[in-house]
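Structure data follow from target-v2.txt (compact mmCIF, C-alpha atoms (C1' of nucleotides)):
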# COMPACT_ATOMS: atom_id res chain seq x y z
CA MET G 19 -7.71 -28.41 15.72
CA PRO G 20 -8.31 -27.54 19.21
CA GLU G 21 -10.32 -24.49 19.98
CA LEU G 22 -12.87 -24.21 22.72
CA PRO G 23 -15.55 -26.49 21.19
CA GLU G 24 -13.06 -29.21 20.29
CA VAL G 25 -11.41 -29.11 23.71
CA GLU G 26 -14.81 -29.12 25.39
CA THR G 27 -15.77 -32.19 23.36
CA VAL G 28 -12.60 -34.01 24.38
CA VAL G 29 -13.19 -33.03 28.01
CA ARG G 30 -16.75 -34.36 27.98
CA GLY G 31 -15.54 -37.62 26.48
CA LEU G 32 -12.84 -38.00 29.10
CA ARG G 33 -15.22 -37.09 31.88
CA ALA G 34 -17.53 -39.88 30.83
CA SER G 35 -14.80 -42.45 30.43
CA VAL G 36 -11.88 -41.96 32.81
CA VAL G 37 -13.17 -40.28 35.97
CA ALA G 38 -12.49 -42.56 38.97
CA ASP G 39 -9.97 -44.58 36.97
CA VAL G 40 -6.42 -44.93 38.27
CA ILE G 41 -3.21 -44.46 36.32
CA GLU G 42 -1.04 -47.48 37.01
CA GLU G 43 1.90 -46.91 34.76
CA VAL G 44 3.21 -44.10 32.58
CA TRP G 45 5.34 -44.20 29.48
CA LEU G 46 6.83 -41.07 27.92
CA SER G 47 8.62 -40.85 24.59
CA GLY G 48 12.09 -39.42 24.62
CA ARG G 49 11.00 -36.25 22.86
CA LYS G 50 11.40 -33.27 25.08
CA GLN G 51 9.55 -30.54 23.28
CA PRO G 52 5.91 -31.15 24.15
CA LEU G 53 6.58 -31.16 27.85
CA LYS G 54 6.27 -28.14 30.05
CA SER G 55 7.11 -30.20 33.10
CA THR G 56 10.01 -32.64 32.96
CA PRO G 57 9.25 -36.25 32.03
CA ARG G 58 10.24 -37.26 35.55
CA GLU G 59 7.82 -34.85 37.18
CA ILE G 60 5.02 -36.04 34.93
CA ALA G 61 5.71 -39.72 35.53
CA GLU G 62 6.07 -39.11 39.25
CA VAL G 63 2.79 -37.30 39.63
CA LEU G 64 0.72 -39.46 37.30
CA THR G 65 1.84 -42.87 38.46
CA GLY G 66 -0.68 -44.22 40.94
CA ALA G 67 -2.92 -41.16 40.70
CA ARG G 68 -6.71 -41.38 40.68
CA ILE G 69 -8.57 -39.16 38.22
CA THR G 70 -11.20 -37.26 40.17
CA SER G 71 -12.56 -34.85 37.58
CA VAL G 72 -11.91 -33.37 34.14
CA HIS G 73 -12.69 -29.86 33.02
CA ARG G 74 -11.65 -27.16 30.58
CA MET G 75 -10.04 -23.75 30.98
CA GLY G 76 -9.86 -22.02 27.62
CA LYS G 77 -8.01 -24.47 25.39
CA HIS G 78 -6.45 -26.31 28.34
CA ILE G 79 -7.67 -29.73 29.43
CA VAL G 80 -7.52 -29.87 33.22
CA ILE G 81 -7.39 -33.34 34.78
CA ASP G 82 -7.69 -33.31 38.57
CA LEU G 83 -5.86 -36.05 40.42
CA THR G 84 -5.68 -37.48 43.88
CA LEU G 85 -2.23 -38.85 44.55
CA PRO G 86 -1.77 -42.15 46.34
CA GLU G 87 -1.26 -41.90 50.08
CA GLN G 88 2.34 -41.35 51.04
CA PRO G 89 3.66 -42.27 54.47
CA SER G 90 5.83 -39.14 54.45
CA LEU G 91 5.55 -36.12 52.22
CA SER G 92 9.06 -36.52 50.82
CA LYS G 93 11.74 -33.88 51.20
CA SER G 94 9.70 -31.11 52.72
CA LYS G 95 11.23 -28.37 54.78
CA LYS G 96 11.89 -29.21 58.35
CA SER G 97 8.23 -28.95 59.22
CA LYS G 98 7.42 -31.35 61.95
CA SER G 99 5.11 -34.18 61.05
CA LYS G 100 2.12 -32.07 60.14
CA SER G 101 -0.32 -34.91 60.23
CA THR G 102 -0.21 -38.29 61.74
CA LYS G 103 -2.84 -39.74 59.44
CA HIS G 104 -2.00 -40.23 55.82
CA THR G 105 -3.72 -37.47 53.89
CA SER G 106 -4.11 -37.72 50.15
CA GLU G 107 -2.49 -35.00 48.10
CA ASN G 108 -4.06 -33.41 45.06
CA ALA G 109 -2.43 -32.47 41.78
CA THR G 110 -3.43 -31.37 38.30
CA PHE G 111 -2.45 -32.73 34.90
CA ILE G 112 -2.75 -30.09 32.17
CA VAL G 113 -2.89 -30.96 28.48
CA HIS G 114 -2.84 -28.39 25.70
CA LEU G 115 -3.43 -29.92 22.29
CA GLY G 116 -1.56 -27.26 20.30
CA MET G 117 -2.38 -27.61 16.62
CA THR G 118 -2.38 -31.35 16.11
CA GLY G 119 -2.56 -32.91 19.55
CA ARG G 120 -4.92 -35.78 20.36
CA LEU G 121 -5.84 -37.13 23.75
CA LEU G 122 -7.34 -40.57 23.31
CA VAL G 123 -8.72 -43.35 25.47
CA VAL G 124 -8.11 -46.61 23.63
CA SER G 125 -7.65 -50.31 24.07
CA PRO G 126 -4.01 -51.35 24.51
CA ASP G 127 -4.49 -53.50 21.40
CA GLU G 128 -4.72 -50.40 19.23
CA PRO G 129 -1.48 -49.88 17.32
CA VAL G 130 0.63 -47.07 18.75
CA PRO G 131 0.87 -44.42 16.03
CA LYS G 132 3.93 -42.38 15.22
CA HIS G 133 4.28 -39.24 17.38
CA THR G 134 2.78 -40.84 20.47
CA HIS G 135 4.37 -38.97 23.37
CA LEU G 136 2.59 -40.32 26.42
CA ILE G 137 0.81 -43.53 27.32
CA ALA G 138 -0.89 -43.85 30.71
CA LYS G 139 -2.06 -47.37 31.50
CA LEU G 140 -5.34 -47.29 33.39
CA LYS G 141 -6.54 -49.73 36.01
CA SER G 142 -9.63 -50.38 33.86
CA GLY G 143 -7.33 -51.88 31.25
CA ARG G 144 -7.50 -49.04 28.75
CA GLU G 145 -4.83 -46.50 27.87
CA LEU G 146 -4.88 -42.72 27.88
CA ARG G 147 -2.61 -41.59 25.05
CA PHE G 148 -1.27 -38.24 23.89
CA VAL G 149 -0.35 -38.08 20.20
CA ASP G 150 0.95 -34.91 18.58
CA PRO G 151 2.78 -34.88 15.22
CA ARG G 152 3.69 -31.19 15.21
CA MET G 153 4.55 -31.10 18.89
CA PHE G 154 2.99 -27.73 19.52
CA GLY G 155 1.02 -29.28 22.37
CA LYS G 156 2.05 -29.08 26.00
CA LEU G 157 1.87 -31.42 28.97
CA ALA G 158 2.36 -30.23 32.52
CA VAL G 159 1.67 -31.28 36.09
CA TYR G 160 0.98 -28.90 38.95
CA ARG G 161 0.94 -29.72 42.63
CA ASP G 162 -1.04 -26.58 43.30
CA ALA G 163 -3.91 -24.96 41.43
CA PHE G 164 -3.47 -24.24 37.75
CA GLU G 165 -4.04 -20.59 36.95
CA THR G 166 -4.60 -18.90 33.65
CA VAL G 167 -5.71 -15.52 32.41
CA GLY G 168 -8.59 -14.41 30.23
CA THR G 169 -12.32 -14.93 30.62
CA GLU G 170 -14.41 -17.82 29.35
CA PRO G 171 -16.37 -16.55 26.33
CA LEU G 172 -19.43 -18.56 27.34
CA ASP G 173 -19.42 -17.11 30.86
CA ILE G 174 -18.54 -13.49 30.23
CA GLY G 175 -21.22 -10.83 30.66
CA PHE G 176 -21.99 -8.29 27.95
CA ASP G 177 -20.61 -5.31 29.87
CA GLN G 178 -17.31 -7.02 30.55
CA PHE G 179 -17.20 -8.15 26.92
CA THR G 180 -17.55 -4.60 25.58
CA GLY G 181 -14.92 -3.43 28.07
CA LEU G 182 -12.34 -5.76 26.52
CA PHE G 183 -12.40 -3.87 23.22
CA ARG G 184 -13.08 -0.28 24.20
CA LYS G 185 -9.50 0.94 23.95
CA ARG G 186 -8.06 -1.75 21.73
CA LYS G 187 -6.56 -0.64 18.44
CA SER G 188 -5.78 -4.07 17.01
CA PRO G 189 -8.09 -5.62 14.42
CA ILE G 190 -11.10 -7.20 16.08
CA LYS G 191 -10.00 -10.56 14.66
CA SER G 192 -6.69 -10.34 16.53
CA ALA G 193 -8.44 -9.24 19.73
CA LEU G 194 -10.73 -12.29 19.57
CA LEU G 195 -7.67 -14.52 19.25
CA ASN G 196 -5.93 -12.90 22.24
CA GLN G 197 -6.18 -15.48 25.01
CA LYS G 198 -5.50 -12.84 27.65
CA LEU G 199 -8.86 -11.30 26.83
CA LEU G 200 -11.06 -14.27 25.95
CA ARG G 201 -9.71 -17.77 26.35
CA GLY G 202 -10.63 -20.53 23.94
CA ILE G 203 -11.37 -18.75 20.68
CA GLY G 204 -9.10 -19.69 17.79
CA ASN G 205 -8.94 -18.98 14.09
CA ILE G 206 -12.05 -20.86 13.03
CA TYR G 207 -14.43 -19.48 15.63
CA ALA G 208 -13.06 -15.94 15.38
CA ASP G 209 -13.87 -15.92 11.65
CA GLU G 210 -17.24 -17.63 12.13
CA SER G 211 -18.28 -15.28 14.95
CA LEU G 212 -17.42 -12.21 12.87
CA ALA G 213 -19.24 -13.61 9.84
CA ARG G 214 -22.44 -14.16 11.80
CA ALA G 215 -22.13 -10.70 13.34
CA GLY G 216 -21.58 -9.00 9.95
CA ILE G 217 -18.26 -7.47 11.02
CA ARG G 218 -15.08 -7.38 8.94
CA PRO G 219 -12.11 -9.01 10.66
CA ARG G 220 -9.83 -6.03 10.00
CA ARG G 221 -12.05 -3.50 11.78
CA ARG G 222 -10.18 -1.90 14.69
CA ALA G 223 -11.70 -3.28 17.87
CA ALA G 224 -12.26 0.15 19.43
CA THR G 225 -14.33 1.28 16.43
CA LEU G 226 -17.07 -1.30 16.99
CA THR G 227 -20.38 0.28 17.93
CA ARG G 228 -22.55 -0.97 20.74
CA LEU G 229 -24.77 -2.61 18.15
CA ASP G 230 -21.74 -4.33 16.57
CA LEU G 231 -20.62 -5.57 19.97
CA ASP G 232 -24.07 -6.80 20.81
CA ARG G 233 -24.22 -8.82 17.59
CA LEU G 234 -20.68 -10.11 18.09
CA TYR G 235 -21.36 -11.18 21.66
CA ARG G 236 -24.44 -13.14 20.71
CA SER G 237 -22.88 -14.58 17.53
CA MET G 238 -19.80 -15.75 19.42
CA GLN G 239 -21.80 -17.58 22.06
CA GLN G 240 -24.17 -19.04 19.50
CA VAL G 241 -21.36 -20.32 17.28
CA LEU G 242 -19.51 -21.85 20.21
CA ASN G 243 -22.62 -23.55 21.56
CA GLU G 244 -23.61 -24.90 18.15
CA ALA G 245 -20.08 -26.15 17.56
CA ILE G 246 -20.01 -27.94 20.92
CA ALA G 247 -23.35 -29.53 20.07
CA ALA G 248 -21.84 -30.74 16.77
CA GLY G 249 -18.77 -32.19 18.50
CA GLY G 250 -16.40 -29.52 17.15
CA SER G 251 -14.91 -28.93 13.69
CA SER G 252 -12.78 -31.59 12.00
CA VAL G 253 -10.92 -29.70 9.31
CA SER G 254 -8.03 -32.10 8.99
CA ASP G 255 -6.84 -33.87 12.14
CA TYR G 256 -9.23 -33.25 14.97
CA VAL G 257 -10.90 -36.21 16.67
CA ASP G 258 -12.36 -36.54 20.13
CA SER G 259 -11.13 -38.81 22.92
CA ALA G 260 -12.82 -41.79 21.27
CA GLY G 261 -11.21 -41.03 17.91
CA GLU G 262 -14.44 -39.67 16.38
CA PRO G 263 -14.54 -36.53 14.21
CA GLY G 264 -16.81 -33.54 14.80
CA PHE G 265 -19.33 -32.15 12.33
CA PHE G 266 -19.35 -28.39 12.73
CA GLN G 267 -17.14 -27.93 9.65
CA PHE G 268 -20.30 -28.45 7.59
CA GLN G 269 -21.79 -25.37 9.19
CA HIS G 270 -18.85 -23.05 8.55
CA ARG G 271 -19.99 -19.98 6.66
CA VAL G 272 -16.58 -18.54 5.83
CA TYR G 273 -13.69 -20.52 7.32
CA GLY G 274 -11.98 -22.56 4.60
CA ARG G 275 -14.44 -21.33 1.94
CA GLU G 276 -12.26 -18.91 -0.03
CA HIS G 277 -13.75 -18.24 -3.51
CA GLU G 278 -16.95 -20.11 -2.61
CA ALA G 279 -20.27 -18.30 -2.62
CA CYS G 280 -21.48 -16.54 0.51
CA LEU G 281 -24.46 -18.51 1.79
CA THR G 282 -26.46 -15.29 2.08
CA CYS G 283 -25.57 -13.18 -0.97
CA LYS G 284 -23.50 -15.47 -3.25
CA THR G 285 -20.54 -13.08 -3.22
CA PRO G 286 -17.25 -15.05 -3.26
CA ILE G 287 -15.68 -15.37 0.19
CA LYS G 288 -12.35 -13.57 0.52
CA ARG G 289 -9.25 -14.70 2.35
CA VAL G 290 -6.75 -12.19 3.74
CA VAL G 291 -3.92 -12.45 6.26
CA ILE G 292 -4.36 -10.58 9.54
CA GLY G 293 -1.70 -10.85 12.20
CA GLY G 294 -0.21 -13.77 10.32
CA ARG G 295 -3.46 -15.77 10.43
CA SER G 296 -5.61 -16.44 7.41
CA SER G 297 -8.95 -14.74 7.78
CA HIS G 298 -12.12 -15.37 5.80
CA TYR G 299 -15.08 -13.07 5.28
CA CYS G 300 -17.84 -12.03 2.93
CA PRO G 301 -16.95 -8.58 1.52
CA LYS G 302 -20.62 -7.73 1.04
CA CYS G 303 -22.24 -9.00 4.25
CA GLN G 304 -19.46 -7.93 6.61
CA LYS G 305 -18.81 -4.23 7.16
C1' DA Z 4 2.17 -0.81 26.81
C1' DT Z 5 0.74 -2.61 22.27
C1' DA Z 6 1.03 -4.87 18.12
C1' DC Z 7 3.19 -7.32 14.52
C1' DC Z 8 6.29 -11.24 12.80
C1' DG Z 9 9.07 -15.14 12.75
C1' DA Z 10 10.04 -19.41 15.01
C1' DC Z 11 8.75 -23.65 16.75
C1' DC Z 12 7.65 -28.87 14.06
C1' DT Z 13 5.68 -32.31 10.81
C1' DG Z 14 2.56 -33.44 7.25
C1' DT Z 15 -0.15 -32.65 3.11
C1' DC Z 16 -1.35 -30.89 -1.16
C1' DA Z 17 -0.94 -28.16 -5.50
C1' DG Z 18 1.97 -27.08 -9.19
C1' DC Z 19 5.81 -27.84 -12.01
C1' DT M 22 7.69 -39.83 -9.89
C1' DG M 23 9.91 -36.42 -7.44
C1' DC M 24 10.93 -31.77 -5.86
C1' DT M 25 9.59 -27.20 -3.92
C1' DG M 26 6.86 -24.06 -1.67
C1' DA M 27 2.74 -22.68 0.65
C1' DC M 28 -0.08 -23.67 4.27
C1' DA M 29 -2.22 -25.71 8.68
C1' DG M 30 -6.78 -25.50 14.47
C1' DG M 31 -1.58 -22.37 18.68
C1' DT M 32 1.65 -19.85 21.42
C1' DC M 33 5.93 -17.53 22.50
C1' DG M 34 9.61 -14.16 22.54
C1' DG M 35 11.83 -10.51 20.29
C1' DT M 36 11.44 -6.12 18.00
C1' DA M 37 9.28 -1.84 16.46
Final structure tokens representation of the file:
Amino acid sequence: MPELPEVETVVRGLRASVVADVIEEVWLSGRKQPLKSTPREIAEVLTGARITSVHRMGKHIVIDLTLPEQPSLSKSKKSKSKSTKHTSENATFIVHLGMTGRLLVVSPDEPVPKHTHLIAKLKSGRELRFVDPRMFGKLAVYRDAFETVGTEPLDIGFDQFTGLFRKRKSPIKSALLNQKLLRGIGNIYADESLARAGIRPRRRAATLTRLDLDRLYRSMQQVLNEAIAAGGSSVSDYVDSAGEPGFFQFQHRVYGREHEACLTCKTPIKRVVIGGRSSHYCPKCQK
DNA sequence: ATACCGACCTGTCAGC
DNA sequence: TGCTGACAGGTCGGTA
């Protein structure tokens, strides 16, 4: 469920509801899989932390924290007391929603659903919860800056965009999904971008003409912006941080529409598998 | 260096 | 009413 527009929607919801709140207590389920950091590290960093800002990097939710003041900075190397005043330390809490992850801000009265892996009690009285049935999501804490590769598709310039594909022999669909090139595009928005650009998903990336790339660049940004405005696509599980679904699934032209009529030419939409991912396109409109 | 493919998990739905 | 198999928004590591 979580591609760039869905993650951006969650981030905006969190930004409006939990910035400046303080995490008072953390509960983690016993399950080990969804964690990239150990449960102890996560509990240690989150407990007492103040949320200073929330933003998005690709499909990662980045929650910036200020840690409570510590009299001594624990077991550091033998550095002499570097500061006499108590400086606050910063840290980052990273959440990746995987396929079925949800990050919710709810009242503690809400029943705790199956597959809840983290509950952070907030000073405001609400709870920040991470729920993920398939456990493909990831939680991690970093004491230093979180780094990732790839360029934001809404920030990239056209020249850099064309450079990503110039020598790439993989299908353009696979290249769009490659997070090391562009970060945040997933299966839905790869298919929808290609549909609007009139390009078949199996075309080798390096064979796209400048005109193709120009259409793809503009289609990609347009689809992502429209999807953000619609609160993302809710195909089966996705909901935002308030538990509300998005509406962009009603504007899909090809994704999930196998055998249905193309909205432009009425030709039935085809579904094929490319790189193990189902891919949808109109065989007449997309060349 | 690239590019494909199965594995990781649970849930749902179609077909028998 | 089961049961089985296919499939699902993502990423990783191994292999060709």
If we count all atoms listed in the file and set the cut-off at 9 Å, which residues sit around stretch 74-77 of chain G, ignoring sequence neighbours fewer than 6 positions away in its own chain? Please answer as an MDAnalysis selection string. chainID G and resid 20:26 29 113:116 166 168:171 197 200:203
Just want the 9 Å neighbourhood of stretch 22-36 of chain M, counted on all atoms listed in the file, with same-chain residues fewer than 4 positions away dropped. Output as a ChimeraX atom specification. /G:19-21,115-118,154-155,204-206,251-256 /Z:8,10-11,19
For chain G against chain Z, with a cut-off of 8 Å and counting all atoms listed in the file, what is the closest atom pair and its distance in Å to one decimal for every residue that makes the cut, ordered by chain and number, as CSV?
residue,atom,partner,partner_atom,distance
G:Pro151,CA,Z:DT13,C1',5.9
G:Arg152,CA,Z:DC12,C1',4.7
G:Met153,CA,Z:DC12,C1',6.2
G:Phe154,CA,Z:DC12,C1',7.3
G:Ser188,CA,Z:DA6,C1',6.9
G:Gly293,CA,Z:DC7,C1',6.5
G:Gly294,CA,Z:DC8,C1',7.4
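Distance-wise, atom CA of G:His73 and atom CA of G:Ala34 end up 11.3 Å apart.
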Pairwise distance for atom CA of G:Val167 and atom CA of G:Leu212, rounded to one decimal in Å: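 Between atom CA of G:Val167 and atom CA of G:Leu212 the gap is 23.0 Å.
Here atom CA of G:Ile190 and atom CA of G:Ser237 stand 14.0 Å from one another.
Each of G:Leu195, G:Ile60, G:Ala215, G:Leu83 was checked against chain M using only C-alpha atoms (C1' of nucleotides); the smallest atom-to-atom distance is that of G:Leu195.
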Excluding same-chain residues fewer than 3 positions from G:Pro126, what lies within 9 Å of it counting only C-alpha atoms (C1' of nucleotides), as a list in words? Pro129, Val130, Lys139, Gly143, Arg144 and Glu145 of chain G
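Using all atoms listed in the file, the shortest contact distance between chain M and any of G:Pro86, G:Gly216, G:Gly66, G:Gly119 is found at G:Gly119.
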Given all atoms listed in the file as the basis, pick out the residue of G:Val124, G:Ala38, G:Leu140, G:Ala67 nearest to G:Ser259. G:Val124
Pick out the closest residue to chain M from this set: G:Ile69, G:Val257, G:Leu234, G:Val159. Count all atoms listed in the file.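 Answer, going by the shortest atom-to-atom distance: G:Val257.
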